[in-house]
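Since the structure comes first, as structure tokens, the remarks are kept for the end.
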Amino acid sequence: MPRSDASPELARSIRLRLDTQRDRSVAALRKVRRAISRELKARSGAEVLRAVEQLIEEGGVPRWFAYEVAHHHAGAMQRLTPAALDRLAAGLADWGTVDPFALYLLGPAYREGQISNAQLTRWARSSDRWRRRAALVATVA
């Protein structure tokens, strides 16, 4: 995916909002995510998806938060490809990261036909147990 010039700045802006948030509870962070999602409506799907990828790559942001940012942006969801999903899945290592990824991104992409049965089957047959779990959970969406 080509990098948008504004994506690094967008990722920094999101990270700054989280870094200044004193209350780190899920409820408080979800309020911040909702505000960010409202502000991102006018941004392109490519830009939002790249910013989410940067948040995941750099770490320090709860994965569920980054996945929700993408999930609640229609343009970002439309841009999910098998390659983008592979990048967003890099580093999945526990139920707390796999389940939000599968429910917010992989499952909706599968449901909408953005990934094929064969691609999901490859995940289900992966040697990586977290990819296998993601494939199973994705079928819930």
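Naming scheme: A, B, ... for chains in displayed order of the structure tokens; residues 1 onward per chain; ligands 1 onward as shown.
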
Notebook entry, point to check: Can you list, as a count of residues only, every protein, DNA or RNA residue that comes within 9 Å of Leu49 in chain A when you count only C-alpha atoms, leaving out same-chain residues fewer than 5 positions away?
Noted result: 12

Check: Could you pull out the helix (DSSP H, G or I) residues of range 54-130 of chain A from DSSP and send them as a ChimeraX atom specification?
Finding: /A:54-58,63-71,74-78,82-89,95-111,117-124,129-130

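Once range 88-101 of chain A and its same-chain neighbours fewer than 3 positions away are set aside, Glu53, Ile56, Arg63, Trp64, Tyr67, Ala84, Leu85, Tyr104, Leu105, Leu106, Trp130, Ala134 and Val137 of chain A remain within 7 Å of it when counting only C-alpha atoms.
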
Note to self: Between CA of Asp86 in chain A and CA of Ala42 in chain A, what is the distance in Å, rounded to a tenth?
What the structure shows: 25.9 Å

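Closest to Glu39 in chain A among A:Arg15, A:His72, A:Pro8, A:Leu55 is A:His72, based on only C-alpha atoms.
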